[in-house]
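J.: Structure incoming, see below.
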Amino acid sequence: GAGVSQSPRYKVAKRGQDVALRCDPISGHVSLFWYQQALGQGPEFLTYFQNEAQLDKSGLPSDRFFAERPEGSVSTLKIQRTQQEDSAVYLCASRRDRGPSFAQYFGPGTRLTVL
Amino acid sequence: AQKVTQAQTEISVVEKEDVTLDCVYETRDTTYYLFWYKQPPSGELVFLIRRNSFDEQNEISGRYSWNFQKSTSSFNFTITASQVVDSAVYFCALSEANFGNEKLTFGTGTRLTIIP
């Protein structure tokens, strides 16, 4: 079956622009995660949804970052007034059910470059 | 707080050699899960294995094997008879078993290069 898909794969933004990154999870997966991966580093947690409920947003670095999953499927990560330090790969992962015993499956990521 | 340390930043071995990637973790929980992911040059993280804290049995899957030792808080990964396709960045990750705190905490990764 289809895996996690993300769009766009690459995004170049001028400093101060708003961007929206989309994630389509594996069909039927109830949990969805967003991570940020800086160059040469491991992914860092941003936020987590269970269906449409955002249960943990402790990793969002500032109030410029906002995520939603209104119908419990597709999710959008929005970054307002982008800054150069926002340049990174943004990874989305989905998981079949609630509970850490289930593995998270990752999409290919969106590489954001802020000029 | 949970933490994962992968002290080996880069490893290079000649094809067909065995190689072990180290992973050391810290957590205050007694129940937790450990994972290994592979990130090839294409960039997509590929799930390899999950292990819970109550199962210290070593696991083998083809050329891959994992050694989990709670006494040393380690979860090491060995590739036997390495192949060029094994070249990638490998991440170890930890998740605590608390509903509501279900994020993965990753190490910084080990870049493995297999020389033909």
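Going by the structure tokens order, chains are called A, B, ..., each with residues numbered from 1, while ligands are numbered from 1 in the order shown.
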Select all residues from chain B having any atom no more than 12 Å from an atom of chain A (counting only C-alpha atoms, ignoring ligands), output as a PDB file with N, CA and C atoms, in the first residue's frame.
T.:
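This went into out29.pdb:
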ATOM      1  N   LYS B   3      17.192  10.450  26.540  1.00  0.00           N
ATOM      2  CA  LYS B   3      18.323  10.838  25.712  1.00  0.00           C
ATOM      3  C   LYS B   3      18.886   9.604  25.019  1.00  0.00           C
ATOM      4  N   VAL B   4      19.336   9.790  23.785  1.00  0.00           N
ATOM      5  CA  VAL B   4      19.961   8.717  23.025  1.00  0.00           C
ATOM      6  C   VAL B   4      21.305   9.216  22.517  1.00  0.00           C
ATOM      7  N   THR B   5      22.333   8.417  22.721  1.00  0.00           N
ATOM      8  CA  THR B   5      23.683   8.800  22.308  1.00  0.00           C
ATOM      9  C   THR B   5      24.225   7.786  21.319  1.00  0.00           C
ATOM     10  N   GLN B   6      24.629   8.289  20.175  1.00  0.00           N
ATOM     11  CA  GLN B   6      25.325   7.474  19.183  1.00  0.00           C
ATOM     12  C   GLN B   6      26.696   8.117  19.018  1.00  0.00           C
ATOM     13  N   THR B   9      30.184   8.922  14.912  1.00  0.00           N
ATOM     14  CA  THR B   9      29.615   9.845  13.937  1.00  0.00           C
ATOM     15  C   THR B   9      29.670   9.238  12.532  1.00  0.00           C
ATOM     16  N   GLU B  10      30.824   8.681  12.200  1.00  0.00           N
ATOM     17  CA  GLU B  10      31.002   8.085  10.875  1.00  0.00           C
ATOM     18  C   GLU B  10      31.812   6.808  11.001  1.00  0.00           C
ATOM     19  N   THR B  31       9.365   1.210  31.546  1.00  0.00           N
ATOM     20  CA  THR B  31       8.798   0.678  30.308  1.00  0.00           C
ATOM     21  C   THR B  31       9.069   1.665  29.183  1.00  0.00           C
ATOM     22  N   TYR B  32       9.713   1.180  28.149  1.00  0.00           N
ATOM     23  CA  TYR B  32      10.069   2.052  27.038  1.00  0.00           C
ATOM     24  C   TYR B  32      10.308   1.187  25.804  1.00  0.00           C
ATOM     25  N   TYR B  33      10.449   1.867  24.674  1.00  0.00           N
ATOM     26  CA  TYR B  33      10.657   1.157  23.407  1.00  0.00           C
ATOM     27  C   TYR B  33      11.867   1.752  22.702  1.00  0.00           C
ATOM     28  N   LEU B  34      12.616   0.888  22.069  1.00  0.00           N
ATOM     29  CA  LEU B  34      13.809   1.293  21.327  1.00  0.00           C
ATOM     30  C   LEU B  34      13.620   0.933  19.860  1.00  0.00           C
ATOM     31  N   PHE B  35      14.139   1.782  19.005  1.00  0.00           N
ATOM     32  CA  PHE B  35      13.968   1.616  17.566  1.00  0.00           C
ATOM     33  C   PHE B  35      15.295   1.873  16.857  1.00  0.00           C
ATOM     34  N   TRP B  36      15.419   1.264  15.684  1.00  0.00           N
ATOM     35  CA  TRP B  36      16.479   1.629  14.738  1.00  0.00           C
ATOM     36  C   TRP B  36      15.808   1.988  13.419  1.00  0.00           C
ATOM     37  N   TYR B  37      16.310   3.096  12.828  1.00  0.00           N
ATOM     38  CA  TYR B  37      15.859   3.538  11.516  1.00  0.00           C
ATOM     39  C   TYR B  37      17.072   3.716  10.614  1.00  0.00           C
ATOM     40  N   LYS B  38      16.858   3.484   9.332  1.00  0.00           N
ATOM     41  CA  LYS B  38      17.889   3.695   8.312  1.00  0.00           C
ATOM     42  C   LYS B  38      17.472   4.875   7.435  1.00  0.00           C
ATOM     43  N   GLN B  39      18.405   5.783   7.159  1.00  0.00           N
ATOM     44  CA  GLN B  39      18.126   6.909   6.277  1.00  0.00           C
ATOM     45  C   GLN B  39      19.107   6.871   5.109  1.00  0.00           C
ATOM     46  N   PRO B  40      18.700   6.287   3.995  1.00  0.00           N
ATOM     47  CA  PRO B  40      19.581   6.242   2.823  1.00  0.00           C
ATOM     48  C   PRO B  40      19.696   7.630   2.201  1.00  0.00           C
ATOM     49  N   PRO B  41      20.546   7.768   1.191  1.00  0.00           N
ATOM     50  CA  PRO B  41      20.728   9.084   0.556  1.00  0.00           C
ATOM     51  C   PRO B  41      19.430   9.709   0.060  1.00  0.00           C
ATOM     52  N   SER B  42      18.441   8.920  -0.248  1.00  0.00           N
ATOM     53  CA  SER B  42      17.154   9.470  -0.700  1.00  0.00           C
ATOM     54  C   SER B  42      16.466  10.266   0.406  1.00  0.00           C
ATOM     55  N   GLY B  43      16.819  10.025   1.650  1.00  0.00           N
ATOM     56  CA  GLY B  43      16.326  10.850   2.751  1.00  0.00           C
ATOM     57  C   GLY B  43      15.194  10.275   3.563  1.00  0.00           C
ATOM     58  N   GLU B  44      14.515   9.266   3.077  1.00  0.00           N
ATOM     59  CA  GLU B  44      13.356   8.739   3.803  1.00  0.00           C
ATOM     60  C   GLU B  44      13.801   7.798   4.907  1.00  0.00           C
ATOM     61  N   LEU B  45      13.323   8.003   6.109  1.00  0.00           N
ATOM     62  CA  LEU B  45      13.646   7.135   7.236  1.00  0.00           C
ATOM     63  C   LEU B  45      12.907   5.812   7.092  1.00  0.00           C
ATOM     64  N   VAL B  46      13.662   4.735   7.167  1.00  0.00           N
ATOM     65  CA  VAL B  46      13.084   3.394   7.009  1.00  0.00           C
ATOM     66  C   VAL B  46      13.148   2.674   8.347  1.00  0.00           C
ATOM     67  N   PHE B  47      12.005   2.206   8.810  1.00  0.00           N
ATOM     68  CA  PHE B  47      11.937   1.489  10.076  1.00  0.00           C
ATOM     69  C   PHE B  47      12.612   0.123   9.938  1.00  0.00           C
ATOM     70  N   LEU B  48      13.472  -0.211  10.928  1.00  0.00           N
ATOM     71  CA  LEU B  48      14.163  -1.492  10.907  1.00  0.00           C
ATOM     72  C   LEU B  48      13.662  -2.427  12.007  1.00  0.00           C
ATOM     73  N   ILE B  49      13.609  -1.915  13.246  1.00  0.00           N
ATOM     74  CA  ILE B  49      13.244  -2.796  14.341  1.00  0.00           C
ATOM     75  C   ILE B  49      12.695  -2.000  15.510  1.00  0.00           C
ATOM     76  N   ARG B  50      11.840  -2.620  16.296  1.00  0.00           N
ATOM     77  CA  ARG B  50      11.328  -2.085  17.548  1.00  0.00           C
ATOM     78  C   ARG B  50      11.559  -3.135  18.631  1.00  0.00           C
ATOM     79  N   ARG B  51      11.940  -2.673  19.814  1.00  0.00           N
ATOM     80  CA  ARG B  51      12.191  -3.570  20.934  1.00  0.00           C
ATOM     81  C   ARG B  51      11.627  -2.926  22.195  1.00  0.00           C
ATOM     82  N   ASN B  52      10.891  -3.703  23.007  1.00  0.00           N
ATOM     83  CA  ASN B  52      10.413  -3.114  24.266  1.00  0.00           C
ATOM     84  C   ASN B  52      11.347  -3.481  25.404  1.00  0.00           C
ATOM     85  N   SER B  53      11.243  -2.742  26.477  1.00  0.00           N
ATOM     86  CA  SER B  53      12.213  -2.838  27.563  1.00  0.00           C
ATOM     87  C   SER B  53      12.136  -4.145  28.336  1.00  0.00           C
ATOM     88  N   PHE B  54      11.081  -4.905  28.130  1.00  0.00           N
ATOM     89  CA  PHE B  54      10.951  -6.164  28.857  1.00  0.00           C
ATOM     90  C   PHE B  54      11.460  -7.357  28.058  1.00  0.00           C
ATOM     91  N   VAL B  89      22.717   6.600   6.747  1.00  0.00           N
ATOM     92  CA  VAL B  89      22.810   7.078   8.123  1.00  0.00           C
ATOM     93  C   VAL B  89      21.816   6.262   8.952  1.00  0.00           C
ATOM     94  N   TYR B  90      22.280   5.755  10.071  1.00  0.00           N
ATOM     95  CA  TYR B  90      21.445   4.919  10.922  1.00  0.00           C
ATOM     96  C   TYR B  90      21.156   5.657  12.229  1.00  0.00           C
ATOM     97  N   PHE B  91      19.875   5.665  12.593  1.00  0.00           N
ATOM     98  CA  PHE B  91      19.451   6.356  13.807  1.00  0.00           C
ATOM     99  C   PHE B  91      18.865   5.362  14.799  1.00  0.00           C
ATOM    100  N   CYS B  92      19.257   5.525  16.036  1.00  0.00           N
ATOM    101  CA  CYS B  92      18.650   4.827  17.156  1.00  0.00           C
ATOM    102  C   CYS B  92      17.666   5.796  17.806  1.00  0.00           C
ATOM    103  N   ALA B  93      16.534   5.291  18.281  1.00  0.00           N
ATOM    104  CA  ALA B  93      15.522   6.173  18.869  1.00  0.00           C
ATOM    105  C   ALA B  93      14.856   5.497  20.056  1.00  0.00           C
ATOM    106  N   LEU B  94      14.320   6.334  20.936  1.00  0.00           N
ATOM    107  CA  LEU B  94      13.701   5.863  22.182  1.00  0.00           C
ATOM    108  C   LEU B  94      12.328   6.489  22.327  1.00  0.00           C
ATOM    109  N   SER B  95      11.358   5.701  22.780  1.00  0.00           N
ATOM    110  CA  SER B  95      10.046   6.238  23.106  1.00  0.00           C
ATOM    111  C   SER B  95       9.635   5.708  24.469  1.00  0.00           C
ATOM    112  N   GLU B  96       9.235   6.603  25.353  1.00  0.00           N
ATOM    113  CA  GLU B  96       8.749   6.170  26.654  1.00  0.00           C
ATOM    114  C   GLU B  96       7.299   5.723  26.521  1.00  0.00           C
ATOM    115  N   ALA B  97       6.882   4.842  27.381  1.00  0.00           N
ATOM    116  CA  ALA B  97       5.558   4.224  27.245  1.00  0.00           C
ATOM    117  C   ALA B  97       4.504   4.982  28.017  1.00  0.00           C
ATOM    118  N   ASN B  98       4.505   6.303  27.871  1.00  0.00           N
ATOM    119  CA  ASN B  98       3.486   7.114  28.514  1.00  0.00           C
ATOM    120  C   ASN B  98       2.534   7.640  27.463  1.00  0.00           C
ATOM    121  N   PHE B  99       1.261   7.293  27.589  1.00  0.00           N
ATOM    122  CA  PHE B  99       0.295   7.842  26.662  1.00  0.00           C
ATOM    123  C   PHE B  99       0.297   9.357  26.808  1.00  0.00           C
ATOM    124  N   GLY B 100       0.442  10.023  25.703  1.00  0.00           N
ATOM    125  CA  GLY B 100       0.525  11.478  25.722  1.00  0.00           C
ATOM    126  C   GLY B 100       1.947  11.967  25.551  1.00  0.00           C
ATOM    127  N   ASN B 101       2.922  11.131  25.845  1.00  0.00           N
ATOM    128  CA  ASN B 101       4.331  11.472  25.608  1.00  0.00           C
ATOM    129  C   ASN B 101       4.896  10.405  24.711  1.00  0.00           C
ATOM    130  N   GLU B 102       4.532  10.457  23.455  1.00  0.00           N
ATOM    131  CA  GLU B 102       4.795   9.323  22.578  1.00  0.00           C
ATOM    132  C   GLU B 102       5.772   9.661  21.470  1.00  0.00           C
ATOM    133  N   LYS B 103       6.495  10.741  21.639  1.00  0.00           N
ATOM    134  CA  LYS B 103       7.438  11.131  20.614  1.00  0.00           C
ATOM    135  C   LYS B 103       8.616  10.176  20.600  1.00  0.00           C
ATOM    136  N   LEU B 104       9.308  10.138  19.483  1.00  0.00           N
ATOM    137  CA  LEU B 104      10.583   9.458  19.383  1.00  0.00           C
ATOM    138  C   LEU B 104      11.697  10.463  19.665  1.00  0.00           C
ATOM    139  N   THR B 105      12.624  10.049  20.516  1.00  0.00           N
ATOM    140  CA  THR B 105      13.833  10.828  20.739  1.00  0.00           C
ATOM    141  C   THR B 105      14.957  10.121  20.010  1.00  0.00           C
ATOM    142  N   PHE B 106      15.556  10.814  19.058  1.00  0.00           N
ATOM    143  CA  PHE B 106      16.574  10.223  18.209  1.00  0.00           C
ATOM    144  C   PHE B 106      17.979  10.577  18.691  1.00  0.00           C
ATOM    145  N   GLY B 107      18.915   9.692  18.371  1.00  0.00           N
ATOM    146  CA  GLY B 107      20.328  10.039  18.484  1.00  0.00           C
ATOM    147  C   GLY B 107      20.732  10.878  17.278  1.00  0.00           C
ATOM    148  N   THR B 108      21.984  11.247  17.246  1.00  0.00           N
ATOM    149  CA  THR B 108      22.473  12.108  16.157  1.00  0.00           C
ATOM    150  C   THR B 108      22.837  11.312  14.909  1.00  0.00           C
ATOM    151  N   GLY B 109      22.768  10.003  15.003  1.00  0.00           N
ATOM    152  CA  GLY B 109      22.987   9.176  13.824  1.00  0.00           C
ATOM    153  C   GLY B 109      24.434   8.778  13.608  1.00  0.00           C
ATOM    154  N   THR B 110      24.609   7.642  12.935  1.00  0.00           N
ATOM    155  CA  THR B 110      25.930   7.172  12.521  1.00  0.00           C
ATOM    156  C   THR B 110      25.911   7.003  11.015  1.00  0.00           C
ATOM    157  N   ARG B 111      26.817   7.703  10.348  1.00  0.00           N
ATOM    158  CA  ARG B 111      26.902   7.581   8.889  1.00  0.00           C
ATOM    159  C   ARG B 111      27.800   6.390   8.562  1.00  0.00           C
TER     160      ARG B 111
END
J.: At a cut-off of 10 Å, using only C-alpha atoms, what residues contact Gln83 (chain B)? Leave out same-chain residues fewer than 6 positions from it and give the result as a list in words.
T.: Val13, Val14, Glu15, Lys16, Glu17, Asp18, Arg63, Thr113, Ile114, Ile115 and Pro116 of chain B
J.: Could you save the residues just selected, with C-alpha atoms, as a PDB file, in the first residue's frame?
T.:
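File part_9.pdb, as written:
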ATOM      1  CA  VAL B  13      34.290  -0.486   6.330  1.00  0.00           C
ATOM      2  CA  VAL B  14      35.208  -2.546   3.325  1.00  0.00           C
ATOM      3  CA  GLU B  15      32.428  -4.570   1.765  1.00  0.00           C
ATOM      4  CA  LYS B  16      31.803  -7.965   3.403  1.00  0.00           C
ATOM      5  CA  GLU B  17      33.206  -6.857   6.742  1.00  0.00           C
ATOM      6  CA  ASP B  18      30.991  -6.926   9.820  1.00  0.00           C
ATOM      7  CA  ARG B  63      22.347 -10.001   7.955  1.00  0.00           C
ATOM      8  CA  THR B 113      29.929   3.958   4.347  1.00  0.00           C
ATOM      9  CA  ILE B 114      30.592   0.577   2.783  1.00  0.00           C
ATOM     10  CA  ILE B 115      33.594   0.671   0.476  1.00  0.00           C
ATOM     11  CA  PRO B 116      33.352  -1.673  -2.510  1.00  0.00           C
TER      12      PRO B 116
END
J.: What does the distance from CA of His29 (chain A) to CA of Asp55 (chain B) come to in Å, to one decimal?
T.: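 According to the coordinates, CA of His29 (chain A) and CA of Asp55 (chain B) are separated by 25.8 Å.
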J.: Among the residues of chain A, find those DSSP assigns to strand (DSSP E or B) from the backbone and print them as a VMD selection string.
T.: chain A and resid 5 to 7 10 to 13 19 to 24 31 to 37 44 to 50 53 to 56 65 to 68 75 to 79 88 to 95 105 to 106 110 to 114
J.: CA of Arg9 (chain A) and CA of Leu112 (chain B) are how many Å apart?
T.: 24.9 Å
J.: If I take CA of Lys57 (chain A) and CA of Arg69 (chain A), how far is one from the other in Å, to one decimal?
T.: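 Distance between the two atoms: 12.8 Å.
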J.: Can you tell me which residues surround Thr113 (chain A) at a distance of at most 12 Å, considering only C-alpha atoms, apart from same-chain residues fewer than 2 positions away, and format the answer as a ChimeraX atom specification?
T.: /A:9-15,17,19,38-39,82-90,110-111,115
